[in-house]
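Participant: Below is a structure I'd like to ask you about.
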Amino acid sequence: MTLWTPDSWRALPALQQPHYNDQAQLLTIEEQLRQQPPLVFADEVSQLRRQLADAAQGKAFLLQGGDCAETFADFSSAGIRDLFKVLMQMAVVLTYAGRKPVIKVGRLAGQFAKPRSADTEVREGIELPSFRGDSVNGVEFTAAARAADPERMLQAYHQSTATLNLVRAFAQGGLADLHQVNDWILSFVRGNPGCDQYLQLAHQIKDALAFMEVCGITSETSSALRSTTLFTSHEALLLNYEQALTRQDSTSGQWFDCSAHMLWVGERTRQLDGAHIEFLRGIANPVGVKISNAIAADDLLRLVDILNPENEAGRLTLISRMGADKTEQFLPALAKRIADEGRQVVWSCDPMHGNTVKAANGYKTRSFDHIMLEIEQFFAVLSACGQHAGGLHLEMTGAHVTECVGGAYHVSEEDLASCYQTQCDPRLNAQQVLELSFKVAELIKS
Ligand code: PEP
Ligand code: MN
């Protein structure tokens with residue numbers, strides 16, 4: 001294998017990259033990004049890696065979730081707060097049911113760049129570059145907005161710092177107190193039609209907290225009851241941005257991509273000899289790879305060995321995203337191969353990207369039932385292969401949007417128009433995602 005450097009990816013084909021017209025401007029922005037402080041620190045990244053090692057061994061569970069794409073326009077403290085609150089509630093339900101720690105990782109503070117199926121988009125005879133996320137170009141269908149602008153990487157960086165600042169405050173301050181989180185869970189269960197069966201679990205958590213309090217373990221005496229950690233992650237798509245935020249740790253000499261704690265490579269950019277895998281193989285962060293049914297077991301093994309040559313648990317998460325119609329057919333051979341070859345990975349399930357459909361009225365959507373079905377199949381397949389179902393990867397929001405159909409509120413295709421806000425893929429809303437957590441709790445328990 002050739003020598004890795006933060007820019008060794010540049011010698012290889014890089015798919016899904018923007019075409020910048022002004023190369024001099026690009027260089028200036030990259031230099032400015034290199035001057036910025038890191039968003040995350042090596043010790044935090046290593047802490048996540050250790051926790052993921054537990055998930056690989058079935059001793060912890062990874063909960064990764066957030067927007068498909070963060071946007072400049074929808075940036076608000078309320079949005080971040082609501083996502084944080086719902087992730088905490090899900091984590092409490094899953095921790096209690098699974099009797100193991102839940103590692104909370106947001107798709108946030110950097111999730112701006114998007115791979116697209118086509119380079120250009122045609123509307124009414126006019127052809128323009130596709131929208132590639134707010135860190136690349138603008139969503140409006142004008143030539144000016146669709147031109148790739150390197151300045152946007154700086155704006156994404158600054159929005160990420162502000163997001164992280166708030167997340168760190170929420171995690172240390174009032175929004176992580178377990179008593180409060182449980183009160184939100186109880187009010188969700190009471191206020192939600194069809195969720196009565198979850199009342200028992202919510203009360204059990206309340207009783208457990210009351211018991212601990214009698215024993216003297218309270219929010220005042222125990223920091224574990226009042227604070228938490230929410231790690232950050234995004235798709236490492238825009239390699240100029242990722243390289244500019246990659247720094248060498250002065251004590252260990254290792255290179256960390258300090259744009260997020262965890263990075264993943266998408267289904268469209270995970271070529272064995274491509275630039276994205278080259279970049280990811282050299283950073284010390286925990287990394288993920290999305291895999292669909294299109295990957296052959298031999299190629300998966302090669303990918304695993306490039307990204308995790310020392311076979312260290314916690315380094316690599318495989319994120320299966322096949323769709324409810326393909327998981328049972330294609331996942332077993334892959335999971336079996338990984339098990340037979342003794343490779344240490346976290347198996348996580350993204351039940352979103354293989355289940356995207358177009359509704360009759362044109363909205364891109366996903367059905368709650370298909371999402372649940374893929375998760376159930378994922379748990380069943382891994383257990384049959386003697387592997388741990390180690391995590392979930394969700395596109396979700398704390399807001400009450402109508403983007404995915406189904407769930408206890410029976411969001412219908414007609415309802416999609418009422419509050420469809422995503423710029424990219426449809427997200428589960430706060431109620432759907434909590435209902436999903438209670439259902440997953442049943443799977444984890446069994
Ligand atoms: C995504 O996570 O938003 C995404 C594009 O996923 P995938 O690479 O699995 O299609
Ligand atoms: Mn998406």
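Residue numbering restarts at 1 in every chain; chains get A, B, ... in the order shown in the structure tokens, and ligands count up from 1 in that same order.
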Residues of range 109-264 of chain A in alpha helix (DSSP H) according to DSSP, as number ranges by chain?

Facilitator: A: 143-146, 151-172, 178-191, 199-214, 223-226, 239-244

Participant: Would you mind listing the residues within 9 Å of ligand 2, counting only C-alpha atoms and all ligand atoms, as a list in words?

Facilitator: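 Checked against 9 Å with only C-alpha atoms and all ligand atoms; the hits are Asp67, Cys68, Ala69, Lys114, Pro115, Met352, His353, Glu395, Cys424, Asp425, Pro426 and Arg427 of chain A.
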
Participant: Residues within 9 Å of ligand 1, counting only C-alpha atoms and all ligand atoms: report them as an MDAnalysis selection string.

Facilitator: chainID A and resid 67:69 107 111 113:116 234:235 264:270 289:292 319:322 350 352:354 393:395 424:425

Participant: Please identify every residue of range 180-288 of chain A that has at least one atom no farther than 8 Å from an atom of range 37-59 of chain A, counting only C-alpha atoms, and for each give the shortest atom pair and the distance in Å to one decimal, arranged by chain then increasing number, as a tab-separated table.

Facilitator:
```
residue	atom	partner	partner_atom	distance
A:Phe231	CA	A:Leu48	CA	7.6
A:Leu245	CA	A:Pro38	CA	6.6
A:Arg247	CA	A:Pro38	CA	8.0
A:Asp249	CA	A:Ala42	CA	6.9
A:Phe256	CA	A:Ala42	CA	6.6
A:Cys258	CA	A:Val40	CA	5.1
A:Ser259	CA	A:Leu39	CA	5.4
A:Ala260	CA	A:Val40	CA	6.0
A:His261	CA	A:Val45	CA	5.0
A:Met262	CA	A:Val45	CA	7.4
A:Asn285	CA	A:Val45	CA	6.0
A:Pro286	CA	A:Arg49	CA	5.6
```

Participant: What lies within 12 Å of Phe141 in chain A using only C-alpha atoms, ignoring chain neighbours under 2 positions off, as a PyMOL selection string?

Facilitator: chain A and resi 120-124+126-131+137-139+143-147

Participant: Next, the residues of the selection above should be written as a PDB file, in the first residue's frame with C-alpha atoms.

Facilitator:
```pdb
ATOM      1  CA  THR A 120     -27.218  18.251 -13.889  1.00  0.00           C
ATOM      2  CA  GLU A 121     -30.921  18.882 -13.571  1.00  0.00           C
ATOM      3  CA  VAL A 122     -33.229  19.923 -16.408  1.00  0.00           C
ATOM      4  CA  ARG A 123     -36.354  22.025 -15.808  1.00  0.00           C
ATOM      5  CA  GLU A 124     -38.479  23.344 -18.639  1.00  0.00           C
ATOM      6  CA  ILE A 126     -33.045  24.572 -18.961  1.00  0.00           C
ATOM      7  CA  GLU A 127     -30.101  22.503 -17.760  1.00  0.00           C
ATOM      8  CA  LEU A 128     -28.180  23.523 -14.611  1.00  0.00           C
ATOM      9  CA  PRO A 129     -25.787  21.765 -12.218  1.00  0.00           C
ATOM     10  CA  SER A 130     -27.562  19.663  -9.588  1.00  0.00           C
ATOM     11  CA  PHE A 131     -27.872  20.983  -6.042  1.00  0.00           C
ATOM     12  CA  ASN A 137     -24.139  25.516  -4.088  1.00  0.00           C
ATOM     13  CA  GLY A 138     -27.636  26.952  -3.624  1.00  0.00           C
ATOM     14  CA  VAL A 139     -30.894  25.036  -4.020  1.00  0.00           C
ATOM     15  CA  ALA A 143     -27.347  29.576 -12.836  1.00  0.00           C
ATOM     16  CA  ALA A 144     -25.937  31.877 -10.132  1.00  0.00           C
ATOM     17  CA  ALA A 145     -27.191  29.766  -7.235  1.00  0.00           C
ATOM     18  CA  ARG A 146     -26.160  26.464  -8.783  1.00  0.00           C
ATOM     19  CA  ALA A 147     -22.564  27.538  -9.437  1.00  0.00           C
TER      20      ALA A 147
END
```

Participant: Among range 40-173 of chain A, which residues carry a DSSP assignment of strand (DSSP E or B), reported as a VMD selection string?

Facilitator: chain A and resid 61 to 66 102 to 108 120 to 123 126 to 129

Participant: Tell me which of A:Ala78, A:Ala408, A:Ala389, A:Leu209 sits closest to Thr163 in chain A, counting only C-alpha atoms.

Facilitator: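 Among the listed residues, A:Ala78 lies closest to Thr163 in chain A.
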
Participant: Which residues, written as a list of chain:residue names, have at least one atom at most 6 Å from Gly288 in chain A, with only C-alpha atoms counted and residues fewer than 2 positions away on the same chain left out?

Facilitator: A:Trp264, A:Leu316, A:Thr317, A:Leu318

Participant: Of the candidates A:Gly342, A:Arg281, A:Val93, A:Ala275, which one gets nearest to Val189 in chain A if we count only C-alpha atoms?

Facilitator: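 Checking each candidate against Val189 in chain A, we get A:Val93 as the closest.
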
Participant: Might you pull out every residue within 12 Å of Ser446 in chain A, with only C-alpha atoms counted and same-chain residues fewer than 2 positions away left off, and present them as a list in words?

Facilitator: Ala97, Gly98, Arg99, Glu376, Phe379, Ala380, Ser383, Ala389, Lys439, Val440, Ala441, Glu442, Leu443 and Ile444 of chain A

Participant: Compile the contact shell of Ala176 in chain A as a short mmCIF file (atom, residue, chain, number, x, y, z; two decimals) with N, CA, C and O atoms, in the first residue's frame: residues with an atom at most 12 Å away, counting only C-alpha atoms, same-chain residues fewer than 5 positions apart removed.

Facilitator:
```
data_model
loop_
_atom_site.label_atom_id
_atom_site.label_comp_id
_atom_site.auth_asym_id
_atom_site.auth_seq_id
_atom_site.Cartn_x
_atom_site.Cartn_y
_atom_site.Cartn_z
N ARG A 81 -32.11 22.09 19.33
CA ARG A 81 -32.65 21.65 20.63
C ARG A 81 -33.63 20.48 20.44
O ARG A 81 -33.57 19.47 21.13
N PHE A 84 -31.85 17.31 19.55
CA PHE A 84 -31.14 16.83 20.73
C PHE A 84 -32.12 16.14 21.69
O PHE A 84 -31.86 15.03 22.17
N LYS A 85 -33.26 16.79 21.93
CA LYS A 85 -34.24 16.24 22.89
C LYS A 85 -34.76 14.88 22.43
O LYS A 85 -34.89 13.95 23.21
N VAL A 86 -35.04 14.77 21.15
CA VAL A 86 -35.62 13.51 20.69
C VAL A 86 -34.55 12.40 20.68
O VAL A 86 -34.83 11.25 21.02
N LEU A 87 -33.31 12.75 20.37
CA LEU A 87 -32.24 11.73 20.43
C LEU A 87 -32.06 11.23 21.87
O LEU A 87 -31.86 10.03 22.10
N MET A 88 -32.16 12.15 22.84
CA MET A 88 -32.04 11.74 24.24
C MET A 88 -33.16 10.78 24.64
O MET A 88 -32.93 9.78 25.32
N GLN A 89 -34.36 11.11 24.22
CA GLN A 89 -35.50 10.24 24.57
C GLN A 89 -35.33 8.85 23.97
O GLN A 89 -35.55 7.84 24.62
N ALA A 91 -32.56 7.45 23.16
CA ALA A 91 -31.44 6.78 23.81
C ALA A 91 -31.87 6.19 25.16
O ALA A 91 -31.47 5.08 25.50
N VAL A 92 -32.71 6.91 25.89
CA VAL A 92 -33.15 6.40 27.19
C VAL A 92 -34.00 5.13 27.01
O VAL A 92 -33.80 4.12 27.68
N LYS A 104 -24.55 8.04 21.38
CA LYS A 104 -25.37 8.98 20.61
C LYS A 104 -24.48 9.78 19.64
O LYS A 104 -23.56 10.46 20.05
N VAL A 167 -24.73 22.21 21.17
CA VAL A 167 -24.84 20.80 21.53
C VAL A 167 -24.05 20.50 22.80
O VAL A 167 -24.52 19.81 23.70
N ARG A 168 -22.84 21.06 22.87
CA ARG A 168 -22.02 20.81 24.07
C ARG A 168 -22.69 21.40 25.31
O ARG A 168 -22.67 20.80 26.38
N ALA A 169 -23.32 22.58 25.15
CA ALA A 169 -24.01 23.20 26.29
C ALA A 169 -25.22 22.36 26.71
O ALA A 169 -25.44 22.11 27.90
N PHE A 170 -26.00 21.90 25.73
CA PHE A 170 -27.16 21.06 26.05
C PHE A 170 -26.72 19.79 26.77
O PHE A 170 -27.37 19.33 27.71
N ALA A 171 -25.64 19.20 26.29
CA ALA A 171 -25.19 17.91 26.83
C ALA A 171 -24.70 18.06 28.28
O ALA A 171 -24.87 17.16 29.09
N VAL A 181 -35.84 13.99 30.75
CA VAL A 181 -35.99 13.23 29.52
C VAL A 181 -37.14 12.24 29.68
O VAL A 181 -37.98 12.07 28.80
N ASN A 182 -37.21 11.60 30.87
CA ASN A 182 -38.29 10.64 31.08
C ASN A 182 -39.66 11.31 31.12
O ASN A 182 -40.65 10.74 30.65
N ASP A 183 -39.72 12.53 31.65
CA ASP A 183 -41.01 13.26 31.62
C ASP A 183 -41.45 13.52 30.18
O ASP A 183 -42.63 13.40 29.86
N TRP A 184 -40.51 13.85 29.31
CA TRP A 184 -40.88 14.05 27.89
C TRP A 184 -41.39 12.74 27.29
O TRP A 184 -42.35 12.73 26.53
N SER A 219 -29.66 13.61 40.35
CA SER A 219 -29.00 14.47 39.37
C SER A 219 -27.93 15.34 40.03
O SER A 219 -26.96 15.74 39.39
N SER A 223 -23.20 12.81 37.93
CA SER A 223 -23.16 13.53 36.67
C SER A 223 -23.75 12.68 35.55
O SER A 223 -24.25 13.19 34.55
N ALA A 224 -23.71 11.35 35.70
CA ALA A 224 -24.26 10.47 34.66
C ALA A 224 -25.76 10.70 34.48
O ALA A 224 -26.31 10.42 33.42
N LEU A 225 -26.42 11.18 35.53
CA LEU A 225 -27.87 11.41 35.43
C LEU A 225 -28.21 12.79 34.87
O LEU A 225 -29.34 13.04 34.51
N ARG A 226 -27.24 13.67 34.82
CA ARG A 226 -27.57 15.03 34.36
C ARG A 226 -26.81 15.47 33.11
O ARG A 226 -27.08 16.52 32.56
N SER A 227 -25.84 14.67 32.70
CA SER A 227 -25.10 15.09 31.51
C SER A 227 -24.85 13.90 30.59
O SER A 227 -24.99 12.74 31.00
N THR A 228 -24.48 14.19 29.37
CA THR A 228 -24.27 13.12 28.40
C THR A 228 -23.26 13.59 27.36
O THR A 228 -22.72 14.68 27.47
N THR A 229 -23.02 12.77 26.37
CA THR A 229 -22.19 13.18 25.24
C THR A 229 -22.95 12.91 23.95
O THR A 229 -23.47 11.81 23.76
N LEU A 230 -23.01 13.92 23.11
CA LEU A 230 -23.54 13.70 21.76
C LEU A 230 -22.39 13.94 20.79
O LEU A 230 -21.88 15.05 20.68
#
```

Participant: Pick the closest to Lys206 in chain A from A:Leu272, A:Tyr96, A:Ser8, A:Asp82: which is it, counting only C-alpha atoms?

Facilitator: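 Nearest to Lys206 in chain A: A:Tyr96.
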
Participant: What gap, in Å, lies between CA of Arg152 in chain A and CA of Trp255 in chain A?

Facilitator: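 Computing the Euclidean distance for CA of Arg152 in chain A and CA of Trp255 in chain A yields 24.8 Å.
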
Participant: Applying 6 Å and only C-alpha atoms, which residues near range 28-35 of chain A remain after dropping the ones on its own chain fewer than 2 positions away? List them as a PyMOL selection string.

Facilitator: chain A and resi 25-26+244

Participant: Based on the selection just made, write N, CA, C and O atoms of those residues as a PDB file, in the first residue's frame.

Facilitator:
```pdb
ATOM      1  N   GLN A  25      -9.462  30.893  -6.030  1.00  0.00           N
ATOM      2  CA  GLN A  25     -10.350  31.151  -4.886  1.00  0.00           C
ATOM      3  C   GLN A  25     -10.475  29.900  -4.004  1.00  0.00           C
ATOM      4  O   GLN A  25     -10.457  29.977  -2.774  1.00  0.00           O
ATOM      5  N   LEU A  26     -10.559  28.750  -4.660  1.00  0.00           N
ATOM      6  CA  LEU A  26     -10.633  27.491  -3.908  1.00  0.00           C
ATOM      7  C   LEU A  26      -9.411  27.332  -2.993  1.00  0.00           C
ATOM      8  O   LEU A  26      -9.539  27.000  -1.808  1.00  0.00           O
ATOM      9  N   ALA A 244      -8.763  19.942   4.678  1.00  0.00           N
ATOM     10  CA  ALA A 244      -8.380  21.203   5.339  1.00  0.00           C
ATOM     11  C   ALA A 244      -8.567  21.130   6.852  1.00  0.00           C
ATOM     12  O   ALA A 244      -7.911  21.852   7.598  1.00  0.00           O
TER      13      ALA A 244
END
```

Participant: Would you mind reading off the distance between CA of Ala11 in chain A and CA of Leu300 in chain A, one decimal, in Å?

Facilitator: 22.9 Å

Participant: Between CA of Val345 in chain A and CA of Ile371 in chain A, what is the spacing in Å?

Facilitator: 22.7 Å

Participant: Using only C-alpha atoms, which of the listed residues (A:Leu331, A:Gln344, A:Leu416, A:Ala399) sits closest to Ile80 in chain A?

Facilitator: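 Of A:Leu331, A:Gln344, A:Leu416, A:Ala399, the one nearest Ile80 in chain A, counting only C-alpha atoms, is A:Ala399.
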
Participant: Check the smallest atom-to-atom distance from each of A:Asp305, A:Glu151, A:Glu328, A:Glu278 to Arg343 in chain A using only C-alpha atoms, then report the winner.

Facilitator: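 Among the listed residues, A:Asp305 lies closest to Arg343 in chain A.
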